[in-house]
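*Asks:* Attaching a single structure in structure tokens format; questions to follow.
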Protein chains: 6
Amino acid sequence: MSNKLKAVFDGVSHIPEAAAPRPVNWQLEQIVGELRAARDEWRKSCGRTRELGGRELPSRQTVAEILAALCGALFPMRLGPSDLREESEDFYVGHTLDSALNALLGQVRLELHYVARQCGQREPDLEARAVQIVREFGAALPELRRLLDSDVIAAYQGDPAARSLDEVLLCYPGVQAVIHHRLAHRLYCAGVPLLARIAAEIAHSAGGIDIHPGAQIGHSFFIDHGTGVVIGETAVIGNRVRIYQAVTLGAKRFTVDESGQLLKGQARHPIVEDDVVIYAGATILGRITIGKGSTIGGNVWLTRSVPPGSNVTQATLQHQPGNAG
Amino acid sequence: MSNKLKAVFDGVSHIPEAAAPRPVNWQLEQIVGELRAARDEWRKSCGRTRELGGRELPSRQTVAEILAALCGALFPMRLGPSDLREESEDFYVGHTLDSALNALLGQVRLELHYVARQCGQREPDLEARAVQIVREFGAALPELRRLLDSDVIAAYQGDPAARSLDEVLLCYPGVQAVIHHRLAHRLYCAGVPLLARIAAEIAHSAGGIDIHPGAQIGHSFFIDHGTGVVIGETAVIGNRVRIYQAVTLGAKRFTVDESGQLLKGQARHPIVEDDVVIYAGATILGRITIGKGSTIGGNVWLTRSVPPGSNVTQATLQHQPGNAG
Amino acid sequence: MSNKLKAVFDGVSHIPEAAAPRPVNWQLEQIVGELRAARDEWRKSCGRTRELGGRELPSRQTVAEILAALCGALFPMRLGPSDLREESEDFYVGHTLDSALNALLGQVRLELHYVARQCGQREPDLEARAVQIVREFGAALPELRRLLDSDVIAAYQGDPAARSLDEVLLCYPGVQAVIHHRLAHRLYCAGVPLLARIAAEIAHSAGGIDIHPGAQIGHSFFIDHGTGVVIGETAVIGNRVRIYQAVTLGAKRFTVDESGQLLKGQARHPIVEDDVVIYAGATILGRITIGKGSTIGGNVWLTRSVPPGSNVTQATLQHQPGNAG
Amino acid sequence: MSNKLKAVFDGVSHIPEAAAPRPVNWQLEQIVGELRAARDEWRKSCGRTRELGGRELPSRQTVAEILAALCGALFPMRLGPSDLREESEDFYVGHTLDSALNALLGQVRLELHYVARQCGQREPDLEARAVQIVREFGAALPELRRLLDSDVIAAYQGDPAARSLDEVLLCYPGVQAVIHHRLAHRLYCAGVPLLARIAAEIAHSAGGIDIHPGAQIGHSFFIDHGTGVVIGETAVIGNRVRIYQAVTLGAKRFTVDESGQLLKGQARHPIVEDDVVIYAGATILGRITIGKGSTIGGNVWLTRSVPPGSNVTQATLQHQPGNAG
Amino acid sequence: MSNKLKAVFDGVSHIPEAAAPRPVNWQLEQIVGELRAARDEWRKSCGRTRELGGRELPSRQTVAEILAALCGALFPMRLGPSDLREESEDFYVGHTLDSALNALLGQVRLELHYVARQCGQREPDLEARAVQIVREFGAALPELRRLLDSDVIAAYQGDPAARSLDEVLLCYPGVQAVIHHRLAHRLYCAGVPLLARIAAEIAHSAGGIDIHPGAQIGHSFFIDHGTGVVIGETAVIGNRVRIYQAVTLGAKRFTVDESGQLLKGQARHPIVEDDVVIYAGATILGRITIGKGSTIGGNVWLTRSVPPGSNVTQATLQHQPGNAG
Amino acid sequence: MSNKLKAVFDGVSHIPEAAAPRPVNWQLEQIVGELRAARDEWRKSCGRTRELGGRELPSRQTVAEILAALCGALFPMRLGPSDLREESEDFYVGHTLDSALNALLGQVRLELHYVARQCGQREPDLEARAVQIVREFGAALPELRRLLDSDVIAAYQGDPAARSLDEVLLCYPGVQAVIHHRLAHRLYCAGVPLLARIAAEIAHSAGGIDIHPGAQIGHSFFIDHGTGVVIGETAVIGNRVRIYQAVTLGAKRFTVDESGQLLKGQARHPIVEDDVVIYAGATILGRITIGKGSTIGGNVWLTRSVPPGSNVTQATLQHQPGNAG
């Protein structure tokens, strides 16, 4: 029995014997009019004039489809279609990449047009720039694949419960988040930050891991469990770093600056050097540096730099505040 | 690559570099207004006042889903889901019938309400009647299955190209048309002729075989090839009848009656007795009787009765018009 | 249980216990290479050079969606969504028209580009022409609706089995074919004959009625049953004409012209004047005229004009070949 | 607004205010029991014992998907996905072929198992045979493509209304039917006639053209309009043949043989030699031969051979029965 | 290649050559019987008698569709369909609202019926109340839109990484959560708390933000990152409040009351006054008040009220527990 | 307007008037080649030789469908299809179980084959073992249902905001997570840990609750809110335990062992005895025991055992580290 049939029946079967149905009127004309008035007010307050024209924003649904296609092209035998065999691996990769890159070109165009419209300027080379962005993005995929291989190995080595590399790639939400982040970060660097942000939010919604696409992350990166992790826009993470659920690499914003406005675009998130491990729930805030090889304990609240090789725990902080290293 | 992705891309990829898009205006307000005026005229001409209320007509989509479910319940191992095994046959049949009969109840209600509204009368027992129609329809299904078994055997025996009973049930458009007709005929007899007609048109569209749900058809009936067959509302067909593609059992309407109006509801289609064979393209018109055991040749045009055992061919008609028997 | 689940299971459950699966190799590289060679040959034979670029042909799926949307906008309470109520009729019509016209604009562009490429010429006003075609198409819809109302009434009056106007609009394949034809004919006249042809074939496939979009048809037109009807490109049909299943209004092409080539674009199909009735299976060929008010009998084969008021039957033709009129 | 939402609402909105819903009982236990009894009777009458095990018949839905994929692989730029570009043509062809051939392998297995079960015999090489069938089918595709190119050209040359080869391939139901037939015929010859028949019926249902997969058809074949065409299992058609709608190439079966049983498997349909044209509605029955270059007129009823170069019309047959040539 | 095809193939391709499949039997009759027994026990333990009748609970799927439609109607150019243009904005809004409100009416009926059944009482005005709830809900949408505009602006101003209002509305999970909460809260206040809870859980599942629909929240509310936020049923939040991920506004329940039962329905969650900022991971429990303009630091654990203008940090609490203000 | 239509239009409508589109070339051959080289490197580094053969890993999509079907079979009137009535409850349960168990058999086969391939050994009884695993899984469902009933009651009793058992089952993410965990745990114990892990990750992604399928959990278990909960592989939880959001029952891994390798498979997560309550954000690490009836306060960080009846809060830990009990 199809879903459609069920849906159609839903509610029909329990109609009691009764008089003819009474027509209902929702006063739609009035609601529609008032909603239009609210939109007009909003547009006026934003300084937008009412203009004919389409929505012209990238589509989350389309970006999700592109990401899924790219995952399949990067890891064809494990994230591609289940009927894939090695004989046709390259055919699949080529065909999928073509569709994905073409669709990406369409989304890149939409973002570039959108930005140009907001700036009120006409950009003559917009089309050429869109093509170049996508071409460079495509050319970088093999390097990305190698980087991701290092992450998969790091995940396998970092979790005693992992039984195989395939399990890691199929199941681990942290690995999925890193794949999405590395793709999103490329888009961010290529000059389409809105697409990058949409890609990041797709991963955030799926696994509860919130990595801003601007964050720079080295190879062999592993997030275990992952729910609640937040990594900010200007964070810099070295190689072989491992973090656990609910870790925050955020900005420290306890004081407000004089003009009452938050400054945008400044480096404000931590630098985490190579070989650092950060346990669950640790909160690390501000442009501080966690030195190479340090271990940060669970639930630690850290707002100042620590030298290489530090072992910071809650106890350390509470009882010996001066010598975390 | 999903269809969605392809569709989204469709047309996006070939946007040339260019100026900002020019907004298009379809003058929708005006078209919508004129269409409303046309609808108002129509309603006035039909004597309908503008009234709030829903569409309240049965849905072709829903009827199609109900028919597909009933086909599965009648022939679970051949028309049911491909994962069905005999251990769960009854579970499947019971679950599917329940959904199908509930959904049918909804559609029967819609037709009874529709008729009551058109007559301008309130019918207090409408709900009870709807339930009774569906309950009797359900109770008749086992008998229907036995009747259809006779049709399947007739198809297998009647076509030298048939290799197995399963092939007949899976592939033959004539068999599919007869299954749908027997279900539609039940609905017709039960007092929901609009649902019956919708069911018949679903079969017509799928296989090009147009059997009015009012036609009465005996057991072991077989239509071969079938495209273009037309069987009228008041046709009566006996047992073990076999007909081929493009056969018409129609009404003869060469002369118009005095008032200039076509009379409705009268017996106006042929009676075909037991064991008759009618070859491709034969056109048989009017309330005439084709006697038991007759054979009607291809492309024959026949408008008068023939006695049992007749063998009518084009040649017979053309050269010996008086003694077809 | 969802279809997906069933499909996945299909075939999985009966894998016998056994050795490890033996890999299969289809020699894909070779087949793909040979298919490319075949395509290259074909392109060379057509004088096409291999060029990068997309398919750029209109899409049958998209045209089908546009037609369904237009049917809903033309008859909202009967062919629109089943949850529609009169309070929101205009909202639905406006929203649906907007989407349908925008999508049509995309398809019109594709056809105009395609033609321009085939002609090897650049057309500077292509975009403006596409917009104009769609705008005029939209503006003509109210008039089309009135024309279709005349067809619906003709169907109701012409069939003794019809019980209501709603049944006619919901069920009659002839009515659906006429709606599609009138839309397709508009496109044909507007200069997008490929879109028109696709629209016509969608109707042909659904109901077995094959009307070339070039055919000109007057108001109050009714096709009963319809399977097998063929109406040619240059046919001209008057008002209040009624035809039955398997009627052909075709070209007469028994003799081949001198150069051995079939001439294209000439008037070569019949003219059927007002108030003519043509019964099932009649074949009418060539640029002949069926005079006003004539009746053409079933299975008649007619290749010359008949004066107004003629009553042509097979018998007439066979026994009194000289005075059909 | 999604279809789901509409469907859910369908029927919900007009529930009148009323008492609590009255539960309905369909006596499902009884109906299910009676249907099981009917199935048991049927199985006993067919000599089948009740056995656990799945349906194990090929699936029409799957065959349809395979055919659609093969059409795309054969004509990638015209029947493949609309986002295809020449750069990725081979990737698409290879990937699609792989999926289609793998899926076909599954269906071939099902038919071979089914036949083996029916014969009550175990076949040790069944898997190897299945793989061989599919491998040879795949290897034959390039040759098939060349054959189909000849058909496309024949269609373009044969119809004065055709404007381009692309229009022919996109729109003509006759061309679609021939593509499907050539694929189905390969399956028929390879020893999977049930799959072949399912493929043929898919084409029959879509375009009203009924070609048995056993029919042998030469190159440059064209069916115009096509609704109602029937071509039988043992028909043999030469090169450059053109036929129109409602033509039948059938078996002549007016007399029954002595044992009262129809003989199966014998050559019983016409042989149509090269360069023959058969106009609409012609019925040609029995193992007769239509000589090279003949023309058969519309609605002709022909049951004996005609020599090369014949020009047979209805008139010829009726008035000069002796010298059709 | 469609998903369906892939799914069908999934698992079929690797069937090894082998003996005929061995039938499997799951002992379904026994499992089904035992599950029925478990259900009967459960019902008996709940005091429910076995009664015929449908499920009659609101559907999560339908509520999700309604919410998506309402989001589109509230922000047509940014959350509506991507093909929307300003010319047809009102058509879209009106049509979408109509469908959404009608579907909502169906769900409201189901909840009211469900509650009436549970109470064992017949409610004569149930239908009228359902219509009134939906009508008032519809009428409140324009005001809701204005409230949401304030939230969008607050998000833009509160996050240094935000580049535009459109990015905020498209990407920010906190903004999506607030839109859903404001709709759910309306339903909660209107007397359909089960629908409200379903709506809240849809948002919770999508973004990891768990706001009970009973919570009262002022204008210009912003949640950044958001994963792990929990806001309880009786929480009261003022205007211009900003909170970060993993903040809990919960009940304090360390001690159990005398009768051993948790009291239901009492005010037990915090009151957060205007202009408060609460940083990530802060846990605020019990019916305490956070005074206007206070700042609560990350990971703070707070179970007593603080006066306006307080600046509470972990350090404050640990080292100077007496003077948080 | 269907989604498809919208999607097709997406991007088409704003194509500006312009020159013919410029073909784009992505250098696909090169990217595909480099990706192949990266895969080859990876395989070599893993010691895998390039071999023909399919993906042969279980499918997350299929596991999700199986879980949804099992939820419906376990709680038919609340999690089954909305059209279900008690008359057909058993039919639905039997049919759904059959499909789900058959599909599960397919997935179990894939995992067993995968493991056998990895070990490089042929297992003769693999099929028999797969069938036995599924049969025992099916037989255990009634007991599972009783266990889940205890969880539902625990949720209702443990949350003052819960209004009915139906609300708990429909809405509570914690209840959904426990249903999925109990099913996943059965699979884990049955010897298919990869399927178990996939099932667990489906629940993790939907509700943010990460329970390793190896964890042993007693009856009447309740997780409130739940986002961020992590429960490790070797955790053991008694009866009537209640935990809140962001609680971690993890491994303590501050020190690395001598060989520098993490040991796998050892008991390393906490034992939580009966009647324990653990409030939000508590982190409990290592193979310690939380004694019967203890209460662990919010945000507590605990790495050593506590005796029965302990009441541990942050304050306790900080100020009186020696006497947590």
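Identifiers in this document derive from the order of the structure tokens: chains are assigned A, B, ..., residues are numbered from 1 separately in each chain, and ligands are numbered from 1 in order of occurrence.
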Determine which residues of stretch 70-228 of chain C DSSP labels as strand (DSSP E) from the backbone of this structure, then write them out as a ChimeraX atom specification.
*Replies:* /C:210-211,216-217,222-223
*Asks:* Can you write just those residues out, N, CA and C atoms, as an mmCIF file, in the first residue's frame?
*Replies:*
```
data_model
loop_
_atom_site.group_PDB
_atom_site.id
_atom_site.type_symbol
_atom_site.label_atom_id
_atom_site.label_comp_id
_atom_site.auth_asym_id
_atom_site.auth_seq_id
_atom_site.Cartn_x
_atom_site.Cartn_y
_atom_site.Cartn_z
ATOM 1 N N ASP C 210 -4.477 11.020 -31.885
ATOM 2 C CA ASP C 210 -3.303 11.623 -32.513
ATOM 3 C C ASP C 210 -3.734 12.818 -33.368
ATOM 4 N N ILE C 211 -3.729 14.007 -32.760
ATOM 5 C CA ILE C 211 -4.111 15.220 -33.499
ATOM 6 C C ILE C 211 -2.844 16.041 -33.712
ATOM 7 N N GLN C 216 -6.644 22.828 -37.607
ATOM 8 C CA GLN C 216 -7.523 23.912 -37.153
ATOM 9 C C GLN C 216 -8.904 23.347 -36.850
ATOM 10 N N ILE C 217 -9.395 23.584 -35.637
ATOM 11 C CA ILE C 217 -10.636 22.964 -35.192
ATOM 12 C C ILE C 217 -11.560 24.019 -34.610
ATOM 13 N N PHE C 222 -16.306 17.363 -30.591
ATOM 14 C CA PHE C 222 -16.388 16.210 -29.694
ATOM 15 C C PHE C 222 -15.847 14.947 -30.368
ATOM 16 N N ILE C 223 -14.926 14.277 -29.681
ATOM 17 C CA ILE C 223 -14.422 12.975 -30.114
ATOM 18 C C ILE C 223 -14.892 11.945 -29.103
#
```
*Asks:* When you look at B:Ala190 with a cut-off of 9 Å (counting only C-alpha atoms), what residues show up, excluding the ones that are within fewer than 6 positions of it in the same chain? I need them as a PyMOL selection string.
*Replies:* chain B and resi 133-134+136-137
*Asks:* Store the residues of this selection in a file with N, CA, C and O atoms, as a PDB file, in the first residue's frame.
*Replies:*
```pdb
ATOM      1  N   ILE B 133     -22.290  -0.122   0.572  1.00  0.00           N
ATOM      2  CA  ILE B 133     -21.730  -0.329  -0.771  1.00  0.00           C
ATOM      3  C   ILE B 133     -20.341  -0.943  -0.679  1.00  0.00           C
ATOM      4  O   ILE B 133     -20.021  -1.920  -1.362  1.00  0.00           O
ATOM      5  N   VAL B 134     -19.514  -0.385   0.191  1.00  0.00           N
ATOM      6  CA  VAL B 134     -18.135  -0.882   0.283  1.00  0.00           C
ATOM      7  C   VAL B 134     -18.115  -2.280   0.901  1.00  0.00           C
ATOM      8  O   VAL B 134     -17.365  -3.152   0.470  1.00  0.00           O
ATOM      9  N   GLU B 136     -20.397  -4.623   0.727  1.00  0.00           N
ATOM     10  CA  GLU B 136     -20.812  -5.619  -0.268  1.00  0.00           C
ATOM     11  C   GLU B 136     -19.758  -5.794  -1.356  1.00  0.00           C
ATOM     12  O   GLU B 136     -19.545  -6.887  -1.860  1.00  0.00           O
ATOM     13  N   PHE B 137     -19.118  -4.694  -1.697  1.00  0.00           N
ATOM     14  CA  PHE B 137     -18.039  -4.776  -2.690  1.00  0.00           C
ATOM     15  C   PHE B 137     -16.925  -5.695  -2.180  1.00  0.00           C
ATOM     16  O   PHE B 137     -16.435  -6.571  -2.895  1.00  0.00           O
TER      17      PHE B 137
END
```
*Asks:* Could you please tell me, as a CSV table (one decimal) with N, CA and C atoms, in the first residue's frame, which residues of chain C have an atom within 6 Å of chain B when using only C-alpha atoms?
*Replies:*
```csv
chain,number,residue,atom,x,y,z
C,10,ASP,N,13.8,-6.8,-3.3
C,10,ASP,CA,13.5,-7.5,-4.5
C,10,ASP,C,14.8,-8.2,-5.0
C,77,MET,N,-11.6,24.1,-10.3
C,77,MET,CA,-12.4,23.3,-9.3
C,77,MET,C,-12.5,21.9,-9.8
C,82,SER,N,-7.3,18.9,-5.3
C,82,SER,CA,-8.6,18.5,-4.7
C,82,SER,C,-8.9,19.3,-3.5
C,84,LEU,N,-8.9,22.5,-3.3
C,84,LEU,CA,-9.1,23.9,-3.6
C,84,LEU,C,-10.6,24.2,-3.2
C,85,ARG,N,-10.7,25.5,-2.7
C,85,ARG,CA,-12.0,26.0,-2.4
C,85,ARG,C,-12.2,27.3,-3.1
C,86,GLU,N,-13.5,27.7,-3.3
C,86,GLU,CA,-13.7,28.9,-4.1
C,86,GLU,C,-13.0,30.1,-3.5
C,94,GLY,N,-3.6,32.3,-10.1
C,94,GLY,CA,-2.5,33.2,-10.4
C,94,GLY,C,-1.1,32.6,-10.1
C,135,ARG,N,3.9,35.7,-23.4
C,135,ARG,CA,3.0,36.7,-23.0
C,135,ARG,C,1.7,36.6,-23.8
C,142,PRO,N,-8.0,33.0,-21.4
C,142,PRO,CA,-9.4,33.2,-21.1
C,142,PRO,C,-10.3,32.8,-22.4
C,160,PRO,N,-25.1,9.7,-25.1
C,160,PRO,CA,-26.3,9.3,-24.2
C,160,PRO,C,-25.8,8.7,-22.9
C,171,CYS,N,-13.6,12.4,-17.0
C,171,CYS,CA,-13.3,11.0,-17.5
C,171,CYS,C,-13.1,10.9,-19.0
C,206,ALA,N,-1.4,9.3,-23.9
C,206,ALA,CA,-2.3,9.1,-22.8
C,206,ALA,C,-3.6,8.5,-23.3
C,207,GLY,N,-4.1,9.0,-24.5
C,207,GLY,CA,-5.5,8.6,-24.9
C,207,GLY,C,-5.6,7.9,-26.2
C,227,THR,N,-9.9,6.2,-29.3
C,227,THR,CA,-8.7,5.5,-29.6
C,227,THR,C,-8.5,5.3,-31.1
```
*Asks:* Under the rule that only C-alpha atoms are counted, which of A:Asn239, A:Thr96, A:Gln176, A:Thr303 is the nearest residue to A:Ser150?
*Replies:*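 Of A:Asn239, A:Thr96, A:Gln176, A:Thr303, the one nearest A:Ser150, counting only C-alpha atoms, is A:Asn239.
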*Asks:* Please provide as a list in words all residues within 8 Å of stretch 309-315 of chain F, with the sequence filter that same-chain residues fewer than 6 positions apart are discarded (counting only C-alpha atoms).
*Replies:*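 Contacts, with the query itself left out: Gly291, Lys292, Gly293, Ser294, Thr295, Ile296, Gly297, Gly298, Asn299, Val300, Trp301, Ala324 and Gly325 of chain F.
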*Asks:* Work out how far atom CA of A:Val152 is from atom CA of A:Ala267, in Å to one decimal.
*Replies:*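 Atom-to-atom, atom CA of A:Ala267 and atom CA of A:Val152 are spaced 29.1 Å apart.
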*Asks:* To one decimal in Å, tell me the separation between atom CA of D:Pro308 and atom CA of D:Leu249.
*Replies:* 17.7 Å
